[in-house]
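J.: First the structure, then my questions, so here it is.
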Amino acid sequence: MRDEKWGIIVNPCSGRRKIRKDWINIYRKLKRAEIHFTSQLTEYEGHAVELAKKYLTQGFRNILVVGGDGTINEVVNGIMTSNVNPSEVSIAVIPYGTGNDWARFWNLNNKKTNIVDVLYNRVRRIVDIGKIEFEHKGEKITRYFINGAGIGFDASVCKRTAKLKKIYGGHAWIYLLALFLTLLEYRSSKMKIISDNDNFDDNFFSIAIGNGCYSGGGLCQTPSASPCDGIFHSTAIRKLAIKDMPSAVKYLFSKRLDSHRNCHSIVSKNLTISLSKPVEVETDGVNLPKVDQYSISIIPAALNMIV
């Protein structure tokens, strides 16, 4: 273990910004454990993508992410677009974001998890990675995600959350506030979903594409999703009447949303989403450019996750 090199990427603005103080303690613990590492703080949006590529070029094959889902997303995009085979790379996470949905799946907690123990007594799980492709302003764009993607309402909540975080900080309740505020004004859109096994053409409120099962700070929109089964578990919510909203919220919080009468449960390796008009789209809580069609596929057993 002491001969291994770790590249550490720290987002000092994740979550409630207390990470700036906590990072000093984490740094000291790693030094006392004689773990060989190099660390760097991110300075701007997209910086973690560059740092991940830089570490891999320098020979690092183990990356520790200290931050939230958005920081993990950037690191994954850096790994997947590097010249290194992703299956040779392992990532570990100390969660410090607002939602921490990826870490939640693995029961990782920055207050309870001893990162030194995790690194020394590590268990590697090979996880799938999602890929989303679309054209924007004449350019073909490919992005990768590790936890999930959302189209429509889910992505609109993410966008509002980002705005609220700038005002109130990265508190966990921000997601819930954004959810209920968006619920008051959001309207469904005409969408066509093409999966491996079926097609759906309807007015959809939201589509949640799950690699992991959590989104929005612990909401379970895709309760059957697992990042190790080589397939997406998605939930498409049809247009909701006012009378359907209370039961939909109840099913959501009881982790049964995919069985609600207004929902389609989709199990597929590939999805094509065509929209009558562009709506908000997000991957791992990061909003993407709005276009009218997205192609989404899964890359099985792509990356090592240390749990």
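To be explicit about the labels: the chains of the structure tokens are called A, B, and onward in the order shown, and within each one the residues are counted from 1, while ligands get numbers from 1 in the order they are shown.
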Tell me which protein, DNA and RNA residues are within 7 Å of A:Asp196, counting only C-alpha atoms, leaving out same-chain ones fewer than 4 positions away, and put them as a count of residues only.
T.: 3
J.: Could you find all residues in stretch 55-252 of chain A that DSSP calls strand (DSSP E) from the backbone, and write them as a ChimeraX atom specification?
T.: /A:62-67,90-95,124-136,139-145,148-152,189-195,199-210,232-238
J.: Give the answer as one residue: which of A:Ala241, A:Cys263, A:Ile167, A:Ala225 has the shortest atom-to-atom distance to A:Leu183, using only C-alpha atoms?
T.: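 Looking only at the distances to A:Leu183, the closest residue turns out to be A:Ala241.
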J.: Name the residues in contact with stretch 146-156 of chain A at a cut-off of 7 Å, using only C-alpha atoms, excluding same-chain residues fewer than 3 positions from it; report them as a PDB file with C-alpha atoms, in the first residue's frame.
T.:
ATOM      1  CA  ASN A  73     -18.555  13.366 -12.495  1.00  0.00           C
ATOM      2  CA  TRP A 102     -23.164   8.123  -5.419  1.00  0.00           C
ATOM      3  CA  ILE A 129     -20.279   3.970 -16.517  1.00  0.00           C
ATOM      4  CA  GLY A 130     -22.979   5.751 -18.523  1.00  0.00           C
ATOM      5  CA  LYS A 159     -30.693  23.681 -12.143  1.00  0.00           C
ATOM      6  CA  ARG A 160     -32.785  25.398  -9.462  1.00  0.00           C
ATOM      7  CA  TYR A 186     -43.089  22.607 -14.184  1.00  0.00           C
ATOM      8  CA  PHE A 205     -42.975  14.769 -16.720  1.00  0.00           C
ATOM      9  CA  SER A 206     -39.515  13.379 -16.049  1.00  0.00           C
ATOM     10  CA  ILE A 207     -37.160  10.544 -16.979  1.00  0.00           C
ATOM     11  CA  ALA A 208     -34.646   9.227 -14.443  1.00  0.00           C
ATOM     12  CA  ILE A 209     -31.927   6.963 -15.863  1.00  0.00           C
ATOM     13  CA  GLY A 210     -30.295   5.052 -13.032  1.00  0.00           C
ATOM     14  CA  ASN A 211     -26.866   3.510 -12.770  1.00  0.00           C
ATOM     15  CA  GLY A 212     -27.134   4.064  -9.024  1.00  0.00           C
ATOM     16  CA  VAL A 279     -35.791  20.547 -21.905  1.00  0.00           C
ATOM     17  CA  GLU A 280     -33.286  20.498 -19.074  1.00  0.00           C
ATOM     18  CA  VAL A 281     -30.995  17.442 -18.918  1.00  0.00           C
ATOM     19  CA  GLU A 282     -28.479  16.556 -16.203  1.00  0.00           C
ATOM     20  CA  THR A 283     -25.890  13.883 -15.480  1.00  0.00           C
ATOM     21  CA  ASP A 284     -24.767  13.394 -11.869  1.00  0.00           C
ATOM     22  CA  ASN A 287     -26.809  20.274 -16.352  1.00  0.00           C
TER      23      ASN A 287
END
J.: If we count only C-alpha atoms and set the cut-off at 10 Å, which residues sit around A:Val118, ignoring sequence neighbours fewer than 2 positions away in its own chain? Please answer as a list in words.
T.: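 Close residues of A:Val118: Ala92, Val93, Leu108, Thr113, Asn114, Ile115, Val116, Tyr120, Asn121, Arg122, Val123, Ile306 and Val307 of chain A.
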J.: How many Å separate atom CA of A:Asp229 from atom CA of A:Tyr214?
T.: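 Atom-to-atom, atom CA of A:Asp229 and atom CA of A:Tyr214 are spaced 15.7 Å apart.
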J.: So which one's closest to A:Arg125, A:Val286, A:Ile174, A:Ile91, A:Leu56? Using only C-alpha atoms, please.
T.: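 Nearest to A:Arg125: A:Ile91.
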